[in-house]
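What follows is final.cif (mmCIF, C-alpha atoms).
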data_start
#
loop_
_atom_site.label_atom_id
_atom_site.label_comp_id
_atom_site.auth_asym_id
_atom_site.auth_seq_id
_atom_site.Cartn_x
_atom_site.Cartn_y
_atom_site.Cartn_z
CA MET A 1 -55.52 -118.21 -121.81
CA ARG A 2 -58.34 -120.09 -123.52
CA SER A 3 -61.98 -119.76 -122.74
CA ARG A 4 -65.16 -121.72 -123.18
CA ALA A 5 -68.42 -119.74 -123.74
CA MET A 6 -66.74 -116.36 -123.95
CA PRO A 7 -68.71 -113.57 -122.21
CA LYS A 8 -68.54 -110.28 -124.09
CA PRO A 9 -66.16 -107.69 -122.65
CA SER A 10 -68.03 -105.03 -120.71
CA TRP A 11 -67.15 -101.35 -120.59
CA ASN A 12 -68.35 -100.13 -117.21
CA LEU A 13 -67.67 -96.74 -115.62
CA ASP A 14 -65.02 -97.96 -113.18
CA TYR A 15 -63.05 -99.68 -115.91
CA MET A 16 -63.21 -96.70 -118.28
CA MET A 17 -62.31 -94.16 -115.60
CA TRP A 18 -59.40 -96.29 -114.39
CA VAL A 19 -57.98 -96.26 -117.91
CA PHE A 20 -58.80 -92.55 -118.32
CA THR A 21 -57.00 -91.68 -115.08
CA ARG A 22 -53.77 -93.22 -116.40
CA LEU A 23 -54.09 -91.55 -119.79
CA SER A 24 -55.04 -88.15 -118.38
CA GLY A 25 -52.11 -88.25 -115.95
CA LEU A 26 -49.72 -88.91 -118.82
CA SER A 27 -51.46 -86.28 -120.96
CA LEU A 28 -51.05 -83.63 -118.25
CA ILE A 29 -47.34 -84.39 -118.03
CA LEU A 30 -47.07 -84.11 -121.82
CA LEU A 31 -48.95 -80.77 -121.82
CA ILE A 32 -46.63 -79.46 -119.10
CA VAL A 33 -43.56 -80.52 -121.07
CA ILE A 34 -44.92 -78.80 -124.18
CA GLY A 35 -45.74 -75.66 -122.16
CA ILE A 36 -42.31 -75.32 -120.57
CA SER A 37 -40.41 -76.26 -123.76
CA ALA A 38 -42.36 -73.82 -125.93
CA GLY A 39 -42.07 -71.11 -123.27
CA LEU A 40 -38.28 -71.46 -123.21
CA LEU A 41 -38.11 -71.44 -127.03
CA MET A 42 -40.29 -68.32 -127.15
CA GLY A 43 -37.88 -66.36 -124.96
CA ALA A 44 -38.77 -67.22 -121.37
CA ARG A 45 -35.15 -67.98 -120.58
CA SER A 46 -34.12 -64.33 -120.68
CA GLN A 47 -37.43 -62.46 -120.49
CA MET A 48 -39.17 -63.81 -117.39
CA ASP A 49 -38.44 -65.16 -113.91
CA LEU A 50 -38.89 -68.75 -112.83
CA GLY A 51 -42.20 -68.15 -111.04
CA THR A 52 -43.77 -66.61 -114.14
CA LEU A 53 -42.50 -69.47 -116.29
CA MET A 54 -43.99 -72.02 -113.86
CA ARG A 55 -47.38 -70.31 -113.91
CA TRP A 56 -47.26 -70.44 -117.71
CA THR A 57 -46.08 -74.05 -117.71
CA PHE A 58 -48.96 -75.37 -115.66
CA PHE A 59 -51.57 -73.18 -117.32
CA PRO A 60 -50.40 -71.53 -120.59
CA ASN A 61 -52.55 -68.41 -120.38
CA SER A 62 -51.05 -65.16 -121.70
CA ASN A 63 -52.24 -63.25 -118.57
CA HIS A 64 -49.55 -65.16 -116.69
CA VAL A 65 -46.75 -63.50 -118.68
CA LEU A 66 -48.11 -59.92 -118.80
CA ASP A 67 -45.73 -58.75 -116.06
CA SER A 68 -42.65 -60.22 -117.72
CA GLU A 69 -40.29 -58.58 -120.19
CA ILE A 70 -41.88 -60.28 -123.20
CA PRO A 71 -42.04 -57.49 -125.83
CA ASP A 72 -44.89 -58.93 -127.89
CA LEU A 73 -47.62 -61.37 -126.81
CA TYR A 74 -48.23 -62.53 -130.40
CA LEU A 75 -46.62 -65.92 -129.80
CA TRP A 76 -48.12 -66.33 -126.31
CA ALA A 77 -51.79 -65.53 -126.97
CA ASN A 78 -53.35 -67.43 -129.83
CA GLY A 79 -55.77 -70.26 -130.62
CA PHE A 80 -53.17 -72.97 -130.11
CA TRP A 81 -52.59 -71.98 -126.50
CA GLN A 82 -56.34 -71.68 -125.92
CA ILE A 83 -56.73 -75.29 -127.04
CA MET A 84 -53.86 -76.27 -124.75
CA GLN A 85 -55.57 -74.52 -121.81
CA ILE A 86 -58.88 -76.23 -122.54
CA LEU A 87 -57.09 -79.60 -122.63
CA VAL A 88 -55.42 -78.85 -119.27
CA VAL A 89 -58.78 -77.89 -117.75
CA PHE A 90 -60.52 -80.95 -119.18
CA PHE A 91 -57.90 -83.50 -118.14
CA ALA A 92 -57.20 -81.97 -114.71
CA ALA A 93 -60.88 -81.44 -113.80
CA THR A 94 -61.96 -84.87 -115.02
CA HIS A 95 -59.00 -86.58 -113.35
CA GLY A 96 -59.63 -84.74 -110.09
CA PHE A 97 -63.40 -85.12 -109.93
CA ASN A 98 -63.10 -88.80 -110.81
CA GLY A 99 -60.68 -89.17 -107.91
CA LEU A 100 -63.27 -87.53 -105.66
CA ARG A 101 -65.93 -89.92 -107.01
CA VAL A 102 -63.74 -92.91 -106.21
CA VAL A 103 -63.09 -91.70 -102.66
CA ILE A 104 -66.79 -91.06 -102.10
CA GLU A 105 -67.80 -94.45 -103.50
CA ASP A 106 -65.19 -96.15 -101.37
CA TYR A 107 -66.56 -94.53 -98.24
CA SER A 108 -70.27 -93.89 -98.86
CA LEU A 109 -72.94 -96.50 -98.55
CA SER A 110 -74.66 -97.68 -101.69
CA GLY A 111 -78.17 -96.59 -102.61
CA PHE A 112 -79.48 -93.04 -102.38
CA TRP A 113 -76.32 -91.33 -101.09
CA GLN A 114 -74.10 -92.87 -103.70
CA ILE A 115 -76.43 -91.85 -106.55
CA PHE A 116 -76.88 -88.37 -105.06
CA LEU A 117 -73.13 -87.79 -104.61
CA ARG A 118 -72.37 -89.12 -108.08
CA PHE A 119 -74.89 -86.70 -109.54
CA LEU A 120 -73.46 -83.83 -107.48
CA ILE A 121 -69.95 -84.58 -108.74
CA LEU A 122 -71.23 -84.76 -112.33
CA LEU A 123 -72.77 -81.29 -111.93
CA LEU A 124 -69.60 -79.86 -110.34
CA TRP A 125 -67.49 -81.40 -113.12
CA ILE A 126 -69.63 -79.90 -115.89
CA PHE A 127 -69.81 -76.53 -114.08
CA SER A 128 -66.04 -76.28 -113.52
CA ILE A 129 -65.23 -77.20 -117.12
CA MET A 130 -67.76 -74.66 -118.44
CA VAL A 131 -66.36 -71.92 -116.19
CA GLY A 132 -62.83 -72.86 -117.25
CA ILE A 133 -63.63 -72.68 -120.96
CA TYR A 134 -65.53 -69.40 -120.46
CA VAL A 135 -62.53 -67.83 -118.74
CA ILE A 136 -60.09 -69.17 -121.35
CA LEU A 137 -62.10 -67.93 -124.33
CA GLY A 138 -62.82 -64.58 -122.65
CA SER A 139 -59.27 -63.76 -121.59
CA MET B 1 -36.84 -111.34 -70.88
CA GLN B 2 -40.26 -109.99 -70.06
CA VAL B 3 -42.72 -109.05 -72.77
CA THR B 4 -45.89 -107.06 -72.19
CA LEU B 5 -48.82 -107.91 -74.44
CA LYS B 6 -51.78 -105.58 -74.77
CA ILE B 7 -54.51 -107.79 -76.19
CA PHE B 8 -57.86 -106.79 -77.66
CA ARG B 9 -60.75 -108.39 -75.80
CA TYR B 10 -64.40 -108.78 -76.70
CA ASN B 11 -66.93 -111.31 -75.55
CA PRO B 12 -70.44 -110.94 -76.99
CA GLU B 13 -71.83 -112.92 -74.02
CA ASP B 14 -70.81 -110.48 -71.30
CA ASN B 15 -71.68 -106.83 -70.81
CA ARG B 16 -68.17 -105.38 -71.02
CA LYS B 17 -67.36 -103.18 -73.96
CA LYS B 18 -64.50 -103.91 -76.33
CA HIS B 19 -61.29 -103.24 -74.43
CA PHE B 20 -57.65 -104.23 -74.05
CA ASP B 21 -56.17 -106.48 -71.33
CA THR B 22 -52.47 -106.32 -70.53
CA PHE B 23 -50.38 -109.39 -69.68
CA THR B 24 -46.68 -109.61 -68.87
CA VAL B 25 -45.02 -112.94 -69.63
CA GLU B 26 -41.53 -114.43 -69.60
CA ALA B 27 -40.27 -115.06 -73.12
CA GLU B 28 -37.22 -116.18 -75.04
CA PRO B 29 -36.12 -114.10 -78.06
CA THR B 30 -36.94 -117.08 -80.28
CA ASP B 31 -40.47 -117.50 -78.93
CA ARG B 32 -43.24 -116.83 -81.40
CA ILE B 33 -46.16 -114.52 -80.63
CA LEU B 34 -48.35 -117.61 -80.85
CA ASP B 35 -46.29 -119.20 -78.05
CA LEU B 36 -46.95 -116.17 -75.85
CA LEU B 37 -50.68 -116.26 -76.59
CA GLU B 38 -50.79 -119.94 -75.68
CA ARG B 39 -48.80 -119.24 -72.49
CA ILE B 40 -51.35 -116.58 -71.49
CA LYS B 41 -54.27 -118.83 -72.32
CA GLY B 42 -52.71 -121.76 -70.46
CA THR B 43 -51.53 -119.97 -67.32
CA GLU B 44 -53.23 -116.59 -66.94
CA ASP B 45 -56.57 -116.36 -68.72
CA GLY B 46 -58.19 -119.44 -70.19
CA THR B 47 -60.98 -117.37 -71.72
CA LEU B 48 -58.68 -115.74 -74.29
CA GLY B 49 -59.93 -116.62 -77.77
CA PHE B 50 -57.72 -116.97 -80.85
CA ARG B 51 -57.42 -119.32 -83.81
CA ARG B 52 -54.49 -121.60 -84.49
CA ALA B 53 -54.01 -124.93 -86.20
CA CYS B 54 -50.70 -125.97 -87.75
CA ALA B 55 -48.62 -123.28 -86.00
CA HIS B 56 -46.06 -123.42 -88.82
CA GLY B 57 -47.24 -120.77 -91.28
CA VAL B 58 -49.09 -123.15 -93.56
CA CYS B 59 -52.74 -123.24 -92.50
CA GLY B 60 -53.28 -119.47 -92.25
CA SER B 61 -55.52 -119.69 -89.18
CA ASP B 62 -53.71 -117.26 -86.90
CA ALA B 63 -53.58 -114.02 -88.87
CA ILE B 64 -53.77 -111.13 -86.38
CA ARG B 65 -52.62 -107.51 -86.12
CA ILE B 66 -49.31 -107.29 -84.30
CA ASN B 67 -48.30 -103.72 -83.47
CA GLY B 68 -50.66 -102.47 -86.18
CA VAL B 69 -49.62 -104.73 -89.04
CA ASN B 70 -51.13 -108.00 -90.21
CA ARG B 71 -48.97 -111.02 -89.51
CA LEU B 72 -49.29 -114.72 -88.71
CA ALA B 73 -48.81 -115.17 -84.95
CA CYS B 74 -46.82 -118.34 -85.63
CA LYS B 75 -44.29 -116.59 -87.89
CA VAL B 76 -43.36 -113.55 -85.79
CA LEU B 77 -40.63 -114.05 -83.19
CA VAL B 78 -40.18 -111.87 -80.13
CA GLN B 79 -36.73 -110.87 -81.43
CA ASP B 80 -38.35 -109.60 -84.67
CA LEU B 81 -40.16 -106.88 -82.74
CA LYS B 82 -38.61 -103.51 -82.03
CA SER B 83 -40.30 -103.16 -78.65
CA ARG B 84 -40.96 -105.45 -75.67
CA LYS B 85 -44.48 -104.01 -75.63
CA VAL B 86 -46.72 -105.71 -78.16
CA THR B 87 -50.26 -104.76 -79.15
CA ILE B 88 -52.35 -107.65 -80.43
CA GLU B 89 -55.65 -107.06 -82.24
CA PRO B 90 -57.96 -109.04 -84.55
CA ILE B 91 -57.61 -108.42 -88.28
CA LEU B 92 -59.73 -105.50 -89.51
CA GLY B 93 -62.69 -105.42 -91.86
CA LEU B 94 -64.38 -108.63 -90.69
CA PRO B 95 -66.94 -108.97 -87.87
CA ILE B 96 -65.34 -109.87 -84.54
CA GLU B 97 -66.75 -113.02 -82.94
CA LYS B 98 -64.64 -113.14 -79.79
CA ASP B 99 -61.30 -111.58 -78.79
CA LEU B 100 -58.95 -112.25 -81.74
CA ILE B 101 -61.41 -114.46 -83.64
CA VAL B 102 -63.20 -112.93 -86.63
CA ASP B 103 -66.01 -114.22 -88.81
CA MET B 104 -64.24 -115.35 -91.99
CA GLU B 105 -67.45 -116.07 -93.90
CA PRO B 106 -67.63 -112.69 -95.76
CA PHE B 107 -64.02 -113.25 -96.80
CA PHE B 108 -64.79 -116.73 -98.15
CA ASP B 109 -67.95 -115.42 -99.89
CA HIS B 110 -65.71 -113.09 -101.92
CA TYR B 111 -63.25 -115.91 -102.50
CA ARG B 112 -66.01 -118.18 -103.84
CA SER B 113 -67.37 -115.42 -106.09
CA VAL B 114 -64.33 -115.50 -108.42
CA MET B 115 -64.61 -119.22 -109.34
CA PRO B 116 -61.40 -120.28 -107.56
CA TYR B 117 -61.31 -123.75 -109.10
CA PHE B 118 -60.09 -125.40 -112.26
CA VAL B 119 -62.49 -125.30 -115.22
CA ASN B 120 -61.97 -127.30 -118.38
CA ASP B 121 -64.91 -128.75 -120.29
CA ASP B 122 -62.79 -130.83 -122.65
CA PRO B 123 -62.77 -134.58 -122.02
CA PRO B 124 -59.85 -135.46 -119.74
CA PRO B 125 -56.84 -136.89 -121.60
CA SER B 126 -55.74 -140.43 -120.83
CA LYS B 127 -52.81 -139.35 -118.66
CA GLU B 128 -52.74 -135.70 -117.67
CA ARG B 129 -53.25 -132.14 -118.96
CA LEU B 130 -49.77 -131.12 -119.97
CA GLN B 131 -48.24 -127.73 -119.30
CA SER B 132 -44.77 -126.38 -120.03
CA PRO B 133 -42.55 -125.14 -117.16
CA GLU B 134 -42.93 -121.60 -118.56
CA GLU B 135 -46.73 -121.87 -118.53
CA ARG B 136 -46.60 -123.14 -114.96
CA GLU B 137 -44.26 -120.34 -113.94
CA ARG B 138 -46.80 -117.75 -115.13
CA PHE B 139 -49.02 -118.25 -112.09
CA ASP B 140 -46.56 -119.85 -109.68
CA ASP B 141 -46.56 -116.96 -107.21
CA THR B 142 -50.31 -116.96 -106.66
CA THR B 143 -50.46 -120.72 -106.00
CA LYS B 144 -48.84 -119.99 -102.63
CA CYS B 145 -51.93 -118.36 -101.09
CA ILE B 146 -53.06 -119.97 -97.82
CA LEU B 147 -56.26 -117.89 -97.45
CA CYS B 148 -55.20 -116.36 -94.14
CA ALA B 149 -56.92 -113.06 -95.09
CA ALA B 150 -53.91 -111.00 -94.00
CA CYS B 151 -53.88 -109.22 -97.36
CA SER B 152 -57.59 -108.45 -97.66
CA THR B 153 -57.85 -107.24 -94.08
CA SER B 154 -54.88 -104.90 -94.51
CA CYS B 155 -56.58 -103.17 -97.46
CA PRO B 156 -58.35 -99.83 -96.73
CA SER B 157 -60.68 -100.41 -99.69
CA PHE B 158 -61.74 -103.72 -98.08
CA TRP B 159 -62.17 -102.13 -94.63
CA VAL B 160 -64.64 -99.54 -95.81
CA ASN B 161 -66.50 -101.44 -98.49
CA ASP B 162 -67.72 -104.93 -97.75
CA LYS B 163 -68.69 -105.42 -101.39
CA TYR B 164 -65.11 -105.16 -102.65
CA VAL B 165 -63.83 -108.66 -103.44
CA GLY B 166 -60.44 -107.91 -101.88
CA PRO B 167 -56.85 -108.89 -102.71
CA ALA B 168 -57.09 -112.54 -101.68
CA ALA B 169 -59.99 -113.25 -104.04
CA ILE B 170 -58.13 -111.53 -106.90
CA VAL B 171 -54.96 -113.50 -106.15
CA ASN B 172 -56.92 -116.74 -106.29
CA ALA B 173 -58.61 -115.69 -109.52
CA HIS B 174 -55.15 -114.85 -110.93
CA ARG B 175 -54.00 -118.38 -110.14
CA PHE B 176 -56.59 -119.77 -112.60
CA ILE B 177 -56.85 -116.88 -115.09
CA PHE B 178 -53.23 -117.41 -116.12
CA ASP B 179 -53.34 -121.21 -116.03
CA SER B 180 -52.97 -122.36 -119.66
CA ARG B 181 -55.14 -125.45 -118.98
CA ASP B 182 -58.10 -123.50 -117.61
CA GLN B 183 -60.98 -122.32 -119.82
CA ALA B 184 -62.90 -119.87 -117.62
CA ALA B 185 -60.49 -116.93 -117.61
CA ALA B 186 -62.90 -114.68 -119.49
CA GLU B 187 -65.67 -115.38 -116.97
CA ARG B 188 -63.39 -114.55 -114.05
CA LEU B 189 -62.20 -111.37 -115.74
CA GLU B 190 -65.79 -110.28 -116.22
CA ILE B 191 -66.53 -110.93 -112.55
CA LEU B 192 -63.52 -108.83 -111.57
CA ASN B 193 -64.45 -106.09 -114.04
CA GLU B 194 -67.60 -105.23 -112.10
CA GLN B 195 -68.03 -102.16 -109.92
CA PHE B 196 -66.59 -103.78 -106.79
CA GLY B 197 -64.00 -105.82 -108.60
CA VAL B 198 -60.38 -105.25 -109.35
CA PHE B 199 -60.62 -101.51 -110.11
CA ARG B 200 -61.44 -100.80 -106.43
CA CYS B 201 -57.75 -101.53 -105.80
CA HIS B 202 -55.88 -98.25 -105.39
CA THR B 203 -52.39 -99.78 -105.39
CA ILE B 204 -51.68 -99.08 -101.73
CA PHE B 205 -49.35 -102.13 -101.38
CA ASN B 206 -50.49 -103.00 -97.82
CA CYS B 207 -51.49 -106.43 -99.15
CA THR B 208 -48.01 -107.19 -100.47
CA ASP B 209 -46.46 -106.13 -97.18
CA ALA B 210 -48.93 -108.22 -95.17
CA CYS B 211 -48.67 -111.49 -97.13
CA PRO B 212 -46.92 -114.12 -94.97
CA ARG B 213 -46.11 -116.12 -98.11
CA ASP B 214 -44.38 -113.18 -99.82
CA ILE B 215 -46.81 -113.24 -102.74
CA GLN B 216 -46.50 -110.10 -104.87
CA VAL B 217 -50.19 -109.38 -104.38
CA THR B 218 -50.29 -105.88 -105.84
CA GLN B 219 -48.42 -107.08 -108.92
CA ALA B 220 -50.91 -109.93 -109.37
CA ILE B 221 -53.78 -107.45 -109.12
CA GLY B 222 -52.04 -105.26 -111.72
CA GLU B 223 -51.72 -108.25 -114.06
CA VAL B 224 -55.43 -108.96 -113.74
CA LYS B 225 -56.22 -105.30 -114.52
CA LYS B 226 -53.99 -105.52 -117.59
CA ALA B 227 -55.65 -108.77 -118.67
CA ILE B 228 -59.06 -107.06 -118.51
CA ILE B 229 -57.79 -104.16 -120.62
CA ASP B 230 -56.11 -106.48 -123.14
CA ARG B 231 -59.32 -108.49 -123.46
CA ASN B 232 -61.40 -105.36 -124.01
CA LEU B 233 -58.98 -104.16 -126.70
CA GLU B 234 -58.96 -107.46 -128.60
#

Write out the structure in this file as structure tokens.
Amino acid sequence: MRSRAMPKPSWNLDYMMWVFTRLSGLSLILLIVIGISAGLLMGARSQMDLGTLMRWTFFPNSNHVLDSEIPDLYLWANGFWQIMQILVVFFAATHGFNGLRVVIEDYSLSGFWQIFLRFLILLLWIFSIMVGIYVILGS
Amino acid sequence: MQVTLKIFRYNPEDNRKKHFDTFTVEAEPTDRILDLLERIKGTEDGTLGFRRACAHGVCGSDAIRINGVNRLACKVLVQDLKSRKVTIEPILGLPIEKDLIVDMEPFFDHYRSVMPYFVNDDPPPSKERLQSPEERERFDDTTKCILCAACSTSCPSFWVNDKYVGPAAIVNAHRFIFDSRDQAAAERLEILNEQFGVFRCHTIFNCTDACPRDIQVTQAIGEVKKAIIDRNLE
């Protein structure tokens, strides 16, 4: 693939979010694998039921294992798992709200409504991430 | 055997709304849908409007919706259909001019926007611009496009957004982007990297199913996406 006067590559929103969607999907799978593997290593196999383990796997918050037979929450409630939760919230919320943006832009006319809906989604995205982080740090 | 065709009708010059007319015709299992349309036009209703030219799957004039899927009328046989009741409609996403005839101009506007022609500013060699069989193979699949619009008009993103270039335009860009003799790949990739370019494709695969030439349309679109990413990472 040769080229004559080479235009500079452009980094527009649709391109970046398309790449982000792939990376965030893979990242969420990786976070889930880490959550379930670490949970099993920390004693989930004998100290909690499957439903509790699944809640932990998809969102590794220590409140999810309070009702189990885990004797000590030391391993389950620390800064590492808070970072993991924040990453889950960030990737899931951004992935999801970007999906909503794509659907809206596919189906809404250009002009005012597209700008308005984009702005609304931006606000909802920021709000949901802030609420998520507030809950994670406060729990 | 008898086949019943329910055909979409619209004539901008009369006052009737868009509707369906039903015709029952005698048919052989090896008759094509195009044969039945011509039989109706010749013997039952001469006002029926549809496009056809070569009638052998090469010109791409007679793309229509047959029982809800895009096909060439000249390539579908009666025996290929599960039912003896057939619904015939114009392809979606383009303005209807009359009955099964749509305005193809928006489709060709998108096609023209991706520079679907060979670009090489070097002086022509004395004989020819050489290319290895492997280099030719790289874009072989997308050379088969006949611009029937079956792919673009099967794409939900194309139906709802008339700015989206559509699968056919991307396929025809692919044909030149991956041609080792061409020099305008970067320009085409930039065109397709815009808001209504290649990233409007949501990998639904309708286009691949609809293509009468069996072009792997979704794969070609994926290769163009990858080429844009590779170029941005260089």

Which residues are near A:Phe91? Cut-off 8 Å, all atoms listed in the file, ignore same chain within fewer than 5 positions. Put them as a PDB file with C-alpha atoms, keeping the file's coordinate frame.
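Output file part.pdb follows:
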ATOM      1  CA  SER A  24     -55.040 -88.150-118.380  1.00  0.00           C
ATOM      2  CA  GLY A  25     -52.110 -88.250-115.950  1.00  0.00           C
ATOM      3  CA  SER A  27     -51.460 -86.280-120.960  1.00  0.00           C
ATOM      4  CA  LEU A  28     -51.050 -83.630-118.250  1.00  0.00           C
TER       5      LEU A  28
END

Compute the set of chain B residues within 6 Å of chain A, using all atoms listed in the file, and express it as a PDB file with C-alpha atoms, in the coordinates of the input.
ATOM      1  CA  VAL B 160     -64.640 -99.540 -95.810  1.00  0.00           C
ATOM      2  CA  SER B 180     -52.970-122.360-119.660  1.00  0.00           C
ATOM      3  CA  GLN B 183     -60.980-122.320-119.820  1.00  0.00           C
ATOM      4  CA  ALA B 184     -62.900-119.870-117.620  1.00  0.00           C
ATOM      5  CA  ASN B 232     -61.400-105.360-124.010  1.00  0.00           C
TER       6      ASN B 232
END

Exercise. Rounded to one decimal in Å, what is the spacing between atom CA of B:Lys127 and atom CA of B:Ala185?
Worked result: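 Atom-to-atom, atom CA of B:Lys127 to atom CA of B:Ala185, that is 23.7 Å.
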
If the PyMOL selection byres ((chain B and resi 202) around 10) were run on this exact file, what residues would it hold? Put them as a PDB file with C-alpha atoms, keeping the file's coordinate frame.
ATOM      1  CA  TRP A  18     -59.400 -96.290-114.390  1.00  0.00           C
ATOM      2  CA  VAL A 102     -63.740 -92.910-106.210  1.00  0.00           C
TER       3      VAL A 102
ATOM      4  CA  CYS B 155     -56.580-103.170 -97.460  1.00  0.00           C
ATOM      5  CA  PRO B 156     -58.350 -99.830 -96.730  1.00  0.00           C
ATOM      6  CA  SER B 157     -60.680-100.410 -99.690  1.00  0.00           C
ATOM      7  CA  VAL B 198     -60.380-105.250-109.350  1.00  0.00           C
ATOM      8  CA  PHE B 199     -60.620-101.510-110.110  1.00  0.00           C
ATOM      9  CA  ARG B 200     -61.440-100.800-106.430  1.00  0.00           C
ATOM     10  CA  CYS B 201     -57.750-101.530-105.800  1.00  0.00           C
ATOM     11  CA  THR B 203     -52.390 -99.780-105.390  1.00  0.00           C
ATOM     12  CA  ILE B 204     -51.680 -99.080-101.730  1.00  0.00           C
ATOM     13  CA  PHE B 205     -49.350-102.130-101.380  1.00  0.00           C
ATOM     14  CA  THR B 218     -50.290-105.880-105.840  1.00  0.00           C
TER      15      THR B 218
END

For this session: Can you work out which one of B:Asp162, B:Asp99, B:Asp14, B:Asp80 has the shortest atom-to-atom distance to B:Phe50, counting all atoms listed in the file?
Result: B:Asp99

Problem set entry | Separation of atom CA of B:Asn206 from atom CA of B:Asn161, in Å and rounded to one decimal |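 A separation of 16.1 Å between them.
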
Exercise. If you apply the PyMOL selection byres ((chain B and resi 101) around 8) to this file, what residues do you get, as a list in words?
Worked result: Gly49, Phe50, Arg51, Pro90, Ile96, Glu97, Lys98, Asp99, Leu100, Val102 and Asp103 of chain B

For this session: Specify as JSON, numbers by chain each residue included when the PyMOL selection byres ((chain A and resi 53) around 12) is applied to this file.
Result: {"A": [32, 35, 36, 37, 38, 39, 40, 41, 42, 43, 44, 45, 46, 47, 48, 49, 50, 51, 52, 54, 55, 56, 57, 58, 59, 60, 61, 62, 63, 64, 65, 66, 67, 68, 69, 70, 76]}

Those same residues, written as a compact mmCIF listing (two decimals), in the frame of the given file with C-alpha atoms?
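Output below, filename out.txt:
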# COMPACT_ATOMS: atom_id res chain seq x y z
CA ILE A 32 -46.63 -79.46 -119.10
CA GLY A 35 -45.74 -75.66 -122.16
CA ILE A 36 -42.31 -75.32 -120.57
CA SER A 37 -40.41 -76.26 -123.76
CA ALA A 38 -42.36 -73.82 -125.93
CA GLY A 39 -42.07 -71.11 -123.27
CA LEU A 40 -38.28 -71.46 -123.21
CA LEU A 41 -38.11 -71.44 -127.03
CA MET A 42 -40.29 -68.32 -127.15
CA GLY A 43 -37.88 -66.36 -124.96
CA ALA A 44 -38.77 -67.22 -121.37
CA ARG A 45 -35.15 -67.98 -120.58
CA SER A 46 -34.12 -64.33 -120.68
CA GLN A 47 -37.43 -62.46 -120.49
CA MET A 48 -39.17 -63.81 -117.39
CA ASP A 49 -38.44 -65.16 -113.91
CA LEU A 50 -38.89 -68.75 -112.83
CA GLY A 51 -42.20 -68.15 -111.04
CA THR A 52 -43.77 -66.61 -114.14
CA MET A 54 -43.99 -72.02 -113.86
CA ARG A 55 -47.38 -70.31 -113.91
CA TRP A 56 -47.26 -70.44 -117.71
CA THR A 57 -46.08 -74.05 -117.71
CA PHE A 58 -48.96 -75.37 -115.66
CA PHE A 59 -51.57 -73.18 -117.32
CA PRO A 60 -50.40 -71.53 -120.59
CA ASN A 61 -52.55 -68.41 -120.38
CA SER A 62 -51.05 -65.16 -121.70
CA ASN A 63 -52.24 -63.25 -118.57
CA HIS A 64 -49.55 -65.16 -116.69
CA VAL A 65 -46.75 -63.50 -118.68
CA LEU A 66 -48.11 -59.92 -118.80
CA ASP A 67 -45.73 -58.75 -116.06
CA SER A 68 -42.65 -60.22 -117.72
CA GLU A 69 -40.29 -58.58 -120.19
CA ILE A 70 -41.88 -60.28 -123.20
CA TRP A 76 -48.12 -66.33 -126.31

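With distances taken from (-69.4, -80.3, -110.5) and restricted to only C-alpha atoms, the residues inside 10 Å are A:Ala93, A:Thr94, A:Phe97, A:Arg118, A:Phe119, A:Leu120, A:Ile121, A:Leu122, A:Leu123, A:Leu124, A:Trp125, A:Ile126, A:Phe127, A:Ser128, A:Ile129, A:Met130.
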
For this session: Provide the atom CA of B:Leu189 to atom CA of B:Thr143 distance in Å, to one decimal place.
Result: 17.9 Å

Exercise. Smallest atom-to-atom distance to B:Leu92: which of B:Leu130, B:Ser154, B:Asp45, B:Phe108, using only C-alpha atoms?
Worked result: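 With only C-alpha atoms as the atom set, the closest residue is B:Ser154.
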
Centre and edges of the stretch 163-176 of chain B box, axis-aligned, 5 Å extra per side, as JSON:
{"center_x": -61.3, "center_y": -112.5, "center_z": -107.0, "size_x": 24.7, "size_y": 24.6, "size_z": 21.2}

Problem set entry | Spatial neighbours of B:Val3, max dist 6 Å, all atoms listed in the file, sep filter under 5 positions, as JSON, numbers by chain | {"B": [24, 25, 84]}
